[in-house]
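Data block for data.csv (CSV, C-alpha atoms):
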```
chain,number,residue,atom,x,y,z
B,1,MET,CA,-25.2,-139.1,36.9
B,2,ARG,CA,-24.0,-141.1,33.9
B,3,GLU,CA,-26.7,-143.8,34.0
B,4,MET,CA,-29.4,-141.3,34.6
B,5,ILE,CA,-28.3,-139.2,31.6
B,6,LYS,CA,-28.2,-142.4,29.5
B,7,ARG,CA,-31.8,-143.3,30.6
B,8,LEU,CA,-33.1,-139.8,29.9
B,9,THR,CA,-31.5,-139.3,26.5
B,10,GLU,CA,-32.4,-142.8,25.2
B,11,ALA,CA,-36.1,-142.3,26.2
B,12,PHE,CA,-38.7,-141.6,23.5
B,13,GLY,CA,-40.1,-138.1,23.9
B,14,PRO,CA,-40.7,-135.9,20.9
B,15,SER,CA,-42.8,-132.7,21.5
B,16,GLY,CA,-46.3,-133.7,22.6
B,17,ARG,CA,-45.3,-137.3,23.4
B,18,GLU,CA,-43.2,-136.9,26.5
B,19,GLU,CA,-44.8,-139.5,28.8
B,20,GLU,CA,-41.8,-141.9,29.0
B,21,VAL,CA,-39.5,-139.1,30.0
B,22,LYS,CA,-41.8,-138.0,32.8
B,23,ARG,CA,-42.0,-141.5,34.1
B,24,ILE,CA,-38.2,-141.8,34.3
B,25,ILE,CA,-37.9,-138.4,36.0
B,26,LEU,CA,-40.4,-139.4,38.7
B,27,GLU,CA,-38.6,-142.7,39.3
B,28,GLU,CA,-35.3,-140.8,39.7
B,29,LEU,CA,-36.8,-138.3,42.1
B,30,ASP,CA,-38.6,-140.8,44.3
B,31,GLY,CA,-37.9,-139.9,47.9
B,32,TYR,CA,-36.4,-136.5,47.0
B,33,ILE,CA,-39.5,-134.3,46.5
B,34,ASP,CA,-42.5,-133.3,48.6
B,35,GLY,CA,-45.0,-133.6,45.7
B,36,HIS,CA,-45.7,-133.4,42.1
B,37,ARG,CA,-48.5,-132.8,39.6
B,38,GLU,CA,-49.1,-132.3,35.9
B,39,ASP,CA,-50.8,-129.2,34.6
B,40,GLY,CA,-53.4,-129.1,31.8
B,41,LEU,CA,-50.8,-129.0,29.1
B,42,GLY,CA,-48.7,-131.9,30.5
B,43,ASN,CA,-45.8,-130.0,32.2
B,44,LEU,CA,-44.5,-132.1,35.1
B,45,ILE,CA,-44.1,-129.9,38.2
B,46,VAL,CA,-42.3,-131.1,41.3
B,47,TRP,CA,-41.6,-129.3,44.5
B,48,LYS,CA,-39.5,-129.4,47.7
B,49,GLY,CA,-39.4,-127.1,50.7
B,50,SER,CA,-41.7,-124.5,52.2
B,51,GLY,CA,-39.8,-121.3,52.4
B,52,ASP,CA,-41.1,-117.8,51.4
B,53,ARG,CA,-38.6,-117.5,48.6
B,54,LYS,CA,-40.0,-119.4,45.6
B,55,ILE,CA,-37.6,-120.5,42.8
B,56,ILE,CA,-38.3,-122.3,39.5
B,57,LEU,CA,-35.7,-124.5,37.8
B,58,ASP,CA,-36.9,-125.4,34.3
B,59,ALA,CA,-35.7,-127.8,31.6
B,60,HIS,CA,-37.8,-129.0,28.7
B,61,ILE,CA,-38.3,-132.7,28.3
B,62,ASP,CA,-39.2,-132.9,24.6
B,63,GLU,CA,-36.9,-133.6,21.7
B,64,ILE,CA,-37.0,-132.9,18.0
B,65,GLY,CA,-38.6,-135.6,15.8
B,66,VAL,CA,-40.9,-136.3,12.9
B,67,ALA,CA,-44.6,-137.1,12.3
B,68,VAL,CA,-46.0,-139.3,9.6
B,69,THR,CA,-48.0,-137.2,7.1
B,70,ASN,CA,-48.7,-139.7,4.3
B,71,ILE,CA,-48.0,-143.3,3.1
B,72,ASP,CA,-47.5,-144.3,-0.5
B,73,GLU,CA,-48.8,-147.5,-2.1
B,74,LYS,CA,-45.5,-149.3,-1.4
B,75,GLY,CA,-45.5,-148.4,2.3
B,76,PHE,CA,-42.9,-145.6,2.2
B,77,LEU,CA,-43.7,-142.9,4.8
B,78,MET,CA,-43.8,-139.1,4.2
B,79,VAL,CA,-42.9,-137.1,7.3
B,80,GLU,CA,-42.9,-133.6,8.7
B,81,PRO,CA,-40.4,-132.3,11.2
B,82,VAL,CA,-41.5,-131.7,14.8
B,83,GLY,CA,-39.1,-129.0,15.8
B,84,GLY,CA,-35.9,-127.9,14.2
B,85,MET,CA,-34.8,-131.0,12.3
B,86,SER,CA,-32.6,-130.4,9.2
B,87,PRO,CA,-33.3,-132.6,6.1
B,88,TYR,CA,-29.5,-132.7,5.5
B,89,ILE,CA,-28.8,-134.1,9.0
B,90,VAL,CA,-31.7,-136.6,8.9
B,91,LEU,CA,-30.9,-138.1,5.4
B,92,GLY,CA,-29.5,-141.6,5.8
B,93,LYS,CA,-30.3,-141.8,9.5
B,94,ARG,CA,-32.5,-144.2,11.3
B,95,ILE,CA,-35.8,-143.1,12.9
B,96,ARG,CA,-37.5,-145.0,15.7
B,97,PHE,CA,-41.3,-144.6,15.9
B,98,GLU,CA,-43.5,-144.8,18.9
B,99,SER,CA,-44.6,-148.3,18.0
B,100,GLY,CA,-40.9,-149.4,18.1
B,101,VAL,CA,-40.6,-149.7,14.3
B,102,ILE,CA,-37.3,-148.5,12.9
B,103,GLY,CA,-37.0,-146.8,9.5
B,104,VAL,CA,-34.3,-145.4,7.3
B,105,VAL,CA,-34.5,-141.9,5.7
B,106,GLY,CA,-34.0,-142.0,2.0
B,107,MET,CA,-34.2,-139.4,-0.9
B,108,GLU,CA,-36.2,-139.4,-4.1
B,109,GLY,CA,-34.5,-139.2,-7.5
B,110,GLU,CA,-35.3,-141.1,-10.7
B,111,THR,CA,-32.2,-139.9,-12.5
B,112,LEU,CA,-28.7,-138.9,-11.5
B,113,ASP,CA,-29.5,-135.3,-12.5
B,114,GLU,CA,-32.7,-135.3,-10.4
B,115,ARG,CA,-30.8,-136.7,-7.4
B,116,GLN,CA,-28.1,-134.0,-7.7
B,117,LYS,CA,-30.8,-131.4,-7.9
B,118,ASN,CA,-32.5,-132.8,-4.8
B,119,VAL,CA,-29.3,-132.9,-2.8
B,120,LYS,CA,-28.8,-129.2,-3.6
B,121,ASN,CA,-32.3,-128.4,-2.7
B,122,LEU,CA,-33.0,-131.0,0.0
B,123,SER,CA,-36.3,-130.7,1.8
B,124,PHE,CA,-38.8,-133.0,3.5
B,125,ASP,CA,-40.7,-132.9,0.2
B,126,ASN,CA,-38.1,-135.2,-1.4
B,127,LEU,CA,-37.4,-137.4,1.6
B,128,PHE,CA,-39.1,-140.6,2.7
B,129,VAL,CA,-38.8,-143.2,5.5
B,130,ASP,CA,-38.4,-146.8,4.6
B,131,ILE,CA,-39.7,-149.2,7.3
B,132,GLY,CA,-39.2,-152.3,5.2
B,133,VAL,CA,-42.8,-153.1,4.4
B,134,ASN,CA,-44.3,-153.8,0.9
B,135,SER,CA,-47.6,-152.0,1.0
B,136,ARG,CA,-49.6,-149.1,2.4
B,137,GLU,CA,-51.7,-151.5,4.4
B,138,GLU,CA,-48.7,-153.1,6.1
B,139,ALA,CA,-47.3,-149.6,7.0
B,140,GLU,CA,-50.6,-148.4,8.4
B,141,LYS,CA,-50.7,-151.3,10.9
B,142,VAL,CA,-47.5,-150.1,12.6
B,143,CYS,CA,-47.0,-146.5,11.6
B,144,PRO,CA,-50.3,-144.9,10.7
B,145,ILE,CA,-50.6,-141.2,9.7
B,146,GLY,CA,-49.9,-139.1,12.8
B,147,SER,CA,-47.2,-141.4,14.3
B,148,PHE,CA,-44.3,-139.7,15.9
B,149,GLY,CA,-40.6,-140.7,15.5
B,150,VAL,CA,-37.2,-139.6,16.8
B,151,TYR,CA,-33.6,-140.3,15.9
B,152,ASP,CA,-32.7,-144.0,16.7
B,153,SER,CA,-29.5,-143.1,18.5
B,154,SER,CA,-28.0,-144.5,21.7
B,155,PHE,CA,-25.8,-143.0,24.4
B,156,ALA,CA,-22.1,-143.4,24.2
B,157,GLU,CA,-19.0,-142.1,26.1
B,158,VAL,CA,-16.0,-141.1,23.9
B,159,ASN,CA,-12.8,-139.9,25.4
B,160,GLY,CA,-14.5,-138.4,28.4
B,161,LYS,CA,-17.4,-136.8,26.5
B,162,TYR,CA,-21.0,-138.0,26.5
B,163,ILE,CA,-22.8,-138.4,23.1
B,164,SER,CA,-26.5,-139.0,22.4
B,165,LYS,CA,-29.6,-137.8,20.8
B,166,ALA,CA,-31.8,-135.5,23.0
B,167,MET,CA,-29.1,-134.0,25.1
B,168,ASP,CA,-31.2,-131.0,24.2
B,169,ASP,CA,-32.6,-130.9,26.8
B,170,ARG,CA,-32.5,-134.1,28.8
B,171,ILE,CA,-29.1,-132.9,30.1
B,172,GLY,CA,-31.0,-130.0,31.7
B,173,CYS,CA,-33.5,-132.4,33.1
B,174,ALA,CA,-30.6,-134.5,34.6
B,175,VAL,CA,-29.1,-131.3,36.2
B,176,ILE,CA,-32.4,-130.5,37.9
B,177,VAL,CA,-32.9,-134.0,39.1
B,178,GLU,CA,-29.4,-134.1,40.6
B,179,VAL,CA,-29.9,-130.6,42.2
B,180,PHE,CA,-33.1,-131.9,43.9
B,181,LYS,CA,-31.2,-134.9,45.2
B,182,ARG,CA,-28.4,-132.7,46.7
B,183,VAL,CA,-29.8,-129.4,47.6
B,184,LYS,CA,-30.5,-128.1,51.1
B,185,SER,CA,-32.3,-124.8,50.8
B,186,SER,CA,-34.6,-122.6,52.9
B,187,ALA,CA,-36.6,-121.7,49.7
B,188,THR,CA,-39.5,-123.5,48.1
B,189,LEU,CA,-38.0,-125.1,45.0
B,190,TYR,CA,-40.0,-126.0,42.0
B,191,GLY,CA,-38.7,-128.2,39.2
B,192,VAL,CA,-40.6,-127.7,36.0
B,193,PHE,CA,-40.0,-130.3,33.3
B,194,SER,CA,-41.8,-128.6,30.5
B,195,VAL,CA,-43.3,-129.9,27.3
B,196,GLN,CA,-43.3,-128.8,23.7
B,197,GLU,CA,-40.3,-126.3,23.8
B,198,GLU,CA,-39.1,-127.4,20.4
B,199,ILE,CA,-42.2,-126.2,18.6
B,200,GLY,CA,-42.3,-122.7,20.2
B,201,ILE,CA,-41.7,-122.7,24.0
B,202,VAL,CA,-45.3,-123.9,24.5
B,203,GLY,CA,-45.0,-125.5,27.9
B,204,ALA,CA,-43.0,-122.9,29.7
B,205,SER,CA,-45.5,-120.2,28.5
B,206,VAL,CA,-48.1,-121.6,31.0
B,207,ALA,CA,-46.0,-123.6,33.5
B,208,GLY,CA,-45.3,-120.6,35.8
B,209,TYR,CA,-48.8,-119.1,35.8
B,210,ASN,CA,-50.0,-120.6,39.1
B,211,LEU,CA,-46.6,-120.9,40.9
B,212,GLN,CA,-46.2,-117.1,41.5
B,213,ALA,CA,-42.4,-117.6,41.9
B,214,ASP,CA,-39.9,-115.0,42.7
B,215,GLU,CA,-37.5,-116.1,40.0
B,216,ALA,CA,-36.9,-118.8,37.4
B,217,ILE,CA,-33.7,-120.3,35.9
B,218,ALA,CA,-33.9,-122.3,32.7
B,219,ILE,CA,-31.3,-125.0,32.2
B,220,ASP,CA,-30.7,-125.7,28.5
B,221,VAL,CA,-28.0,-126.4,25.9
B,222,THR,CA,-26.1,-123.8,24.0
B,223,ASP,CA,-23.7,-123.7,21.0
B,224,SER,CA,-20.1,-124.8,21.5
B,225,ALA,CA,-17.8,-122.7,19.4
B,226,ASP,CA,-14.7,-125.0,19.7
B,227,THR,CA,-14.9,-126.9,16.5
B,228,PRO,CA,-13.2,-126.0,13.2
B,229,LYS,CA,-14.6,-122.8,11.7
B,230,ALA,CA,-17.3,-122.5,14.4
B,231,ILE,CA,-19.3,-119.3,14.8
B,232,LYS,CA,-16.6,-116.7,15.4
B,233,ARG,CA,-18.8,-114.4,17.5
B,234,HIS,CA,-19.3,-117.2,20.1
B,235,THR,CA,-16.9,-118.1,22.9
B,236,MET,CA,-18.5,-121.0,24.5
B,237,LYS,CA,-16.5,-124.2,24.8
B,238,LEU,CA,-16.8,-127.7,26.2
B,239,SER,CA,-15.1,-128.4,29.5
B,240,GLU,CA,-14.9,-124.7,30.5
B,241,GLY,CA,-17.9,-124.8,32.8
B,242,PRO,CA,-21.6,-124.0,32.4
B,243,ALA,CA,-22.4,-120.9,30.5
B,244,LEU,CA,-24.2,-118.0,32.1
B,245,LYS,CA,-26.4,-116.5,29.4
B,246,VAL,CA,-26.5,-112.7,29.1
B,247,LYS,CA,-28.9,-112.8,26.1
B,248,ASP,CA,-30.1,-114.6,23.0
B,249,ARG,CA,-32.5,-113.8,20.3
B,250,ALA,CA,-35.5,-114.3,22.5
B,251,SER,CA,-34.7,-112.9,25.9
B,252,ILE,CA,-32.2,-111.0,28.1
B,253,SER,CA,-31.4,-112.7,31.5
B,254,SER,CA,-32.2,-110.9,34.7
B,255,ARG,CA,-29.2,-108.9,35.7
B,256,ARG,CA,-29.8,-109.6,39.4
B,257,ILE,CA,-29.9,-113.4,38.9
B,258,LEU,CA,-26.9,-113.4,36.6
B,259,GLU,CA,-24.8,-111.3,39.0
B,260,LYS,CA,-25.7,-113.6,41.8
B,261,LEU,CA,-24.8,-116.7,39.8
B,262,ILE,CA,-21.4,-115.1,39.0
B,263,GLU,CA,-20.8,-114.2,42.6
B,264,THR,CA,-21.7,-117.7,43.7
B,265,ALA,CA,-19.4,-119.3,41.2
B,266,GLU,CA,-16.5,-117.2,42.2
B,267,LYS,CA,-17.1,-117.6,45.9
B,268,PHE,CA,-16.9,-121.4,45.6
B,269,ASN,CA,-14.3,-121.5,42.8
B,270,ILE,CA,-16.7,-123.1,40.3
B,271,LYS,CA,-15.6,-122.9,36.7
B,272,TYR,CA,-18.0,-121.0,34.5
B,273,GLN,CA,-18.1,-119.0,31.2
B,274,MET,CA,-20.2,-116.2,29.8
B,275,GLU,CA,-22.6,-116.6,26.9
B,276,VAL,CA,-24.0,-114.2,24.4
B,277,LEU,CA,-25.9,-116.3,21.8
B,278,THR,CA,-26.5,-114.8,18.4
B,279,PHE,CA,-29.6,-117.0,17.7
B,280,GLY,CA,-32.2,-119.1,19.4
B,281,GLY,CA,-33.9,-118.8,22.7
B,282,THR,CA,-34.9,-120.8,25.9
B,283,ASN,CA,-37.8,-121.2,28.2
B,284,ALA,CA,-36.7,-118.2,30.2
B,285,ILE,CA,-38.8,-116.1,27.9
B,286,GLY,CA,-41.9,-118.1,28.9
B,287,TYR,CA,-41.5,-117.1,32.5
B,288,GLN,CA,-40.6,-113.5,31.7
B,289,ARG,CA,-44.0,-113.3,30.0
B,290,THR,CA,-46.0,-115.0,32.7
B,291,ARG,CA,-48.6,-112.8,34.6
B,292,GLU,CA,-46.8,-109.6,35.4
B,293,GLY,CA,-43.4,-111.2,34.7
B,294,ILE,CA,-41.1,-113.6,36.6
B,295,PRO,CA,-37.4,-112.5,36.6
B,296,ALA,CA,-35.6,-115.2,34.7
B,297,ALA,CA,-32.1,-116.3,33.5
B,298,THR,CA,-30.6,-119.2,31.6
B,299,LEU,CA,-27.8,-121.6,32.7
B,300,SER,CA,-26.5,-123.4,29.6
B,301,ILE,CA,-24.5,-126.5,29.0
B,302,PRO,CA,-22.2,-126.1,25.9
B,303,THR,CA,-23.1,-128.7,23.4
B,304,ARG,CA,-21.7,-129.7,20.0
B,305,TYR,CA,-23.9,-130.9,17.1
B,306,ILE,CA,-27.2,-129.6,18.5
B,307,HIS,CA,-30.3,-131.1,16.9
B,308,SER,CA,-28.4,-134.0,15.5
B,309,PRO,CA,-28.4,-137.7,16.6
B,310,ASN,CA,-25.1,-137.2,18.3
B,311,GLU,CA,-25.1,-134.2,20.6
B,312,MET,CA,-22.0,-134.0,22.6
B,313,VAL,CA,-21.4,-132.6,26.1
B,314,SER,CA,-18.7,-132.6,28.7
B,315,PRO,CA,-19.6,-134.3,32.0
B,316,SER,CA,-17.5,-131.8,33.9
B,317,ASP,CA,-19.7,-128.9,32.7
B,318,VAL,CA,-22.8,-130.8,33.9
B,319,GLU,CA,-21.3,-131.5,37.3
B,320,SER,CA,-20.2,-127.8,37.6
B,321,ALA,CA,-23.8,-126.7,36.7
B,322,VAL,CA,-25.2,-128.9,39.5
B,323,GLU,CA,-22.7,-127.6,42.0
B,324,LEU,CA,-23.4,-124.0,41.0
B,325,LEU,CA,-27.1,-124.3,41.4
B,326,VAL,CA,-26.9,-126.2,44.7
B,327,ARG,CA,-24.6,-123.4,46.1
B,328,TYR,CA,-26.8,-120.7,44.6
B,329,LEU,CA,-30.0,-122.2,46.1
B,330,GLY,CA,-28.3,-122.7,49.5
B,331,GLU,CA,-27.1,-119.1,49.8
```

If you took the structure in this file and wrote it as structure tokens, what would it be?
Amino acid sequence: MREMIKRLTEAFGPSGREEEVKRIILEELDGYIDGHREDGLGNLIVWKGSGDRKIILDAHIDEIGVAVTNIDEKGFLMVEPVGGMSPYIVLGKRIRFESGVIGVVGMEGETLDERQKNVKNLSFDNLFVDIGVNSREEAEKVCPIGSFGVYDSSFAEVNGKYISKAMDDRIGCAVIVEVFKRVKSSATLYGVFSVQEEIGIVGASVAGYNLQADEAIAIDVTDSADTPKAIKRHTMKLSEGPALKVKDRASISSRRILEKLIETAEKFNIKYQMEVLTFGGTNAIGYQRTREGIPAATLSIPTRYIHSPNEMVSPSDVESAVELLVRYLGE
């Protein structure tokens, strides 16, 4: 799975601009699905099997990013975050725009006092992106207003851990692709690679409308509380298995699905951990609110440094997530 994860995480795909990611997913799934389509919003839906039981596996394909809002006379770009991008994390980082142009994020400040004040009250109002040009006209040729950008960050393996931008949620996409490659199930299995999650769970809010599924499982990242002074009310850790979400701020997982996942993990001796997240939400809520409601739960991959250029996961957690879902769907 390593090379597939590398391909997916390095792909360009901020919310609303996910085309490259969809192309890679379809290349990876060639020969392993019975069909695919895109809905009106752009969600990629694939399927396999013809059983009466209908199950959705969902992962969002978009990543956080920026959009160009203005360009000054010297060609410096003003940007707005697309999704939850912190000005403190983006400062000093490189941004890759859809044209291929690379920029560096800098901070305004005409005096030392002003710079100190800006650091204390950092926002996108006092940040800019330098793409190395000398005028507005030059910048407009390669990064006109409305251009999207993402962190310019590549995949790396460090002491058995994987690091990259966009693990949130390309790692979930990789899990679903691998499940489709391995699974043998009597159910009809849908893989939904949903768009625009990072700006408010947009894609998943409509993806399940025409599928009339019996259940849905969202695969996403979650906090990993194993770093110094991490959130003390969280227990999730890297390399302790995928996390079975009980609840977060947006939804409560279906008790039936959750108990079945636990039963399957214990039956096949698959490492797992429980998750109660004190913030955030996943696409599970989109399916819970579809039509009269689809029972839904979330399977999470513990991840360090979420919404940064260097999100870190443990490959053993990813492999265990695949095995658990393959066993669950085959039961």

Nearest to Pro14 in chain B: which of B:Val313, B:Val150, B:Ile231, B:Ile217 is it, counting only C-alpha atoms? B:Val150

Distance table requested - range 17-81 of chain B against range 158-171 of chain B, cut-off 7 Å, only C-alpha atoms: one row per qualifying residue with the closest atom pair and its distance in Å to one decimal, ordered by chain and rising residue number, as JSON lines.
```
{"residue": "B:Ala59", "atom": "CA", "partner": "B:Asp169", "partner_atom": "CA", "distance": 6.5}
{"residue": "B:His60", "atom": "CA", "partner": "B:Asp169", "partner_atom": "CA", "distance": 5.9}
{"residue": "B:Ile61", "atom": "CA", "partner": "B:Arg170", "partner_atom": "CA", "distance": 6.0}
{"residue": "B:Glu63", "atom": "CA", "partner": "B:Ala166", "partner_atom": "CA", "distance": 5.6}
```

Using the selection just defined, write its residues with C-alpha atoms as a compact mmCIF listing (two decimals), in the frame of the given file.
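Below you can see part-v6.txt, which holds the result:
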```txt
# COMPACT_ATOMS: atom_id res chain seq x y z
CA ALA B 59 -35.70 -127.80 31.60
CA HIS B 60 -37.80 -129.00 28.70
CA ILE B 61 -38.30 -132.70 28.30
CA GLU B 63 -36.90 -133.60 21.70
```

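Nearest to Val21 in chain B of all the residues B:Glu259, B:Asp62, B:Asp39, B:Glu157 is B:Asp62, counting all atoms listed in the file.
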
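The protein and nucleic acid residues lying at most 7 Å from range 284-299 of chain B are Ile201, Ala204, Ser205, Gly208, Tyr209, Ala213, Asp214, Glu215, Ala216, Ile217, Ala218, Ile219, Asp220, Pro242, Ala243, Leu244, Lys245, Ala250, Ser251, Ser253, Ser254, Ile257, Leu258, Thr282 and Ile301 of chain B, with only C-alpha atoms considered and sequence neighbours fewer than 2 positions away removed.
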
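As for CA of Ala225 in chain B and CA of Arg304 in chain B, they are spaced 8.0 Å apart.
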
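Contact shell of Tyr328 in chain B at 8 Å (only C-alpha atoms; same-chain neighbours under 3 positions omitted): Lys260, Leu261, Thr264, Leu324, Leu325 and Glu331 of chain B.
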
Distance in Å - CA of Ser86 in chain B versus CA of Arg115 in chain B: 17.8 Å

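For the pair CA of Gln116 in chain B and CA of Val90 in chain B, the separation is 17.2 Å.
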
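Proximity ranking of B:Ala174, B:Ile145, B:Leu238, B:Met1 relative to Thr303 in chain B places B:Leu238 first, based on only C-alpha atoms.
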
Give me, as a PyMOL selection string, all polymer residues having an atom no more than 10 Å from Arg53 in chain B, counting all atoms listed in the file and skipping those fewer than 2 positions away in the same chain. chain B and resi 49-51+55+185-189+213-215

If you count all atoms listed in the file, which residues fall within 8 Å of Val101 in chain B, apart from same-chain ones fewer than 3 positions away, as JSON, numbers by chain? {"B": [96, 97, 98, 131, 142, 143]}

Using all atoms listed in the file, which of B:Glu20, B:Asp317, B:Glu27, B:Asp72 sits nearest Glu137 in chain B? B:Asp72

Give me, as a list of chain:residue names, all polymer residues having an atom no more than 12 Å from Leu91 in chain B, counting all atoms listed in the file and skipping those fewer than 6 positions away in the same chain. B:Met85, B:Gly103, B:Val104, B:Val105, B:Gly106, B:Met107, B:Glu108, B:Asn118, B:Val119, B:Leu122, B:Ser123, B:Phe124, B:Asn126, B:Leu127, B:Phe128, B:Val129, B:Asp130, B:Tyr151, B:Ser308, B:Pro309

Pick out the closest residue to Asp125 in chain B from this set: B:Val202, B:Leu77, B:Leu112, B:Val175. Count only C-alpha atoms. B:Leu77

Will you model N, CA and C atoms for range 284-297 of chain B and pass it back as a PDB file, keeping the file's coordinate frame?
```pdb
ATOM      1  N   ALA B 284     -36.675-119.385  29.322  1.00  0.00           N
ATOM      2  CA  ALA B 284     -36.700-118.200  30.200  1.00  0.00           C
ATOM      3  C   ALA B 284     -37.699-117.182  29.716  1.00  0.00           C
ATOM      4  N   ILE B 285     -37.870-117.049  28.409  1.00  0.00           N
ATOM      5  CA  ILE B 285     -38.800-116.100  27.900  1.00  0.00           C
ATOM      6  C   ILE B 285     -40.264-116.427  28.305  1.00  0.00           C
ATOM      7  N   GLY B 286     -40.561-117.711  28.452  1.00  0.00           N
ATOM      8  CA  GLY B 286     -41.900-118.100  28.900  1.00  0.00           C
ATOM      9  C   GLY B 286     -42.231-117.579  30.262  1.00  0.00           C
ATOM     10  N   TYR B 287     -41.258-117.619  31.172  1.00  0.00           N
ATOM     11  CA  TYR B 287     -41.500-117.100  32.500  1.00  0.00           C
ATOM     12  C   TYR B 287     -41.484-115.600  32.571  1.00  0.00           C
ATOM     13  N   GLN B 288     -40.654-114.984  31.754  1.00  0.00           N
ATOM     14  CA  GLN B 288     -40.600-113.500  31.700  1.00  0.00           C
ATOM     15  C   GLN B 288     -41.988-112.955  31.250  1.00  0.00           C
ATOM     16  N   ARG B 289     -42.743-113.740  30.475  1.00  0.00           N
ATOM     17  CA  ARG B 289     -44.000-113.300  30.000  1.00  0.00           C
ATOM     18  C   ARG B 289     -45.223-113.806  30.764  1.00  0.00           C
ATOM     19  N   THR B 290     -44.965-114.449  31.894  1.00  0.00           N
ATOM     20  CA  THR B 290     -46.000-115.000  32.700  1.00  0.00           C
ATOM     21  C   THR B 290     -46.572-113.927  33.675  1.00  0.00           C
ATOM     22  N   ARG B 291     -47.920-113.817  33.739  1.00  0.00           N
ATOM     23  CA  ARG B 291     -48.600-112.800  34.600  1.00  0.00           C
ATOM     24  C   ARG B 291     -47.920-111.455  34.410  1.00  0.00           C
ATOM     25  N   GLU B 292     -47.441-110.859  35.543  1.00  0.00           N
ATOM     26  CA  GLU B 292     -46.800-109.600  35.400  1.00  0.00           C
ATOM     27  C   GLU B 292     -45.269-109.724  35.154  1.00  0.00           C
ATOM     28  N   GLY B 293     -44.815-110.981  34.986  1.00  0.00           N
ATOM     29  CA  GLY B 293     -43.400-111.200  34.700  1.00  0.00           C
ATOM     30  C   GLY B 293     -42.666-111.849  35.836  1.00  0.00           C
ATOM     31  N   ILE B 294     -41.970-112.956  35.591  1.00  0.00           N
ATOM     32  CA  ILE B 294     -41.100-113.600  36.600  1.00  0.00           C
ATOM     33  C   ILE B 294     -39.659-113.315  36.152  1.00  0.00           C
ATOM     34  N   PRO B 295     -38.818-112.710  36.999  1.00  0.00           N
ATOM     35  CA  PRO B 295     -37.400-112.500  36.600  1.00  0.00           C
ATOM     36  C   PRO B 295     -36.787-113.883  36.291  1.00  0.00           C
ATOM     37  N   ALA B 296     -36.084-113.949  35.168  1.00  0.00           N
ATOM     38  CA  ALA B 296     -35.600-115.200  34.700  1.00  0.00           C
ATOM     39  C   ALA B 296     -34.207-115.099  34.066  1.00  0.00           C
ATOM     40  N   ALA B 297     -33.465-116.185  34.112  1.00  0.00           N
ATOM     41  CA  ALA B 297     -32.100-116.300  33.500  1.00  0.00           C
ATOM     42  C   ALA B 297     -31.966-117.685  32.962  1.00  0.00           C
TER      43      ALA B 297
END
```
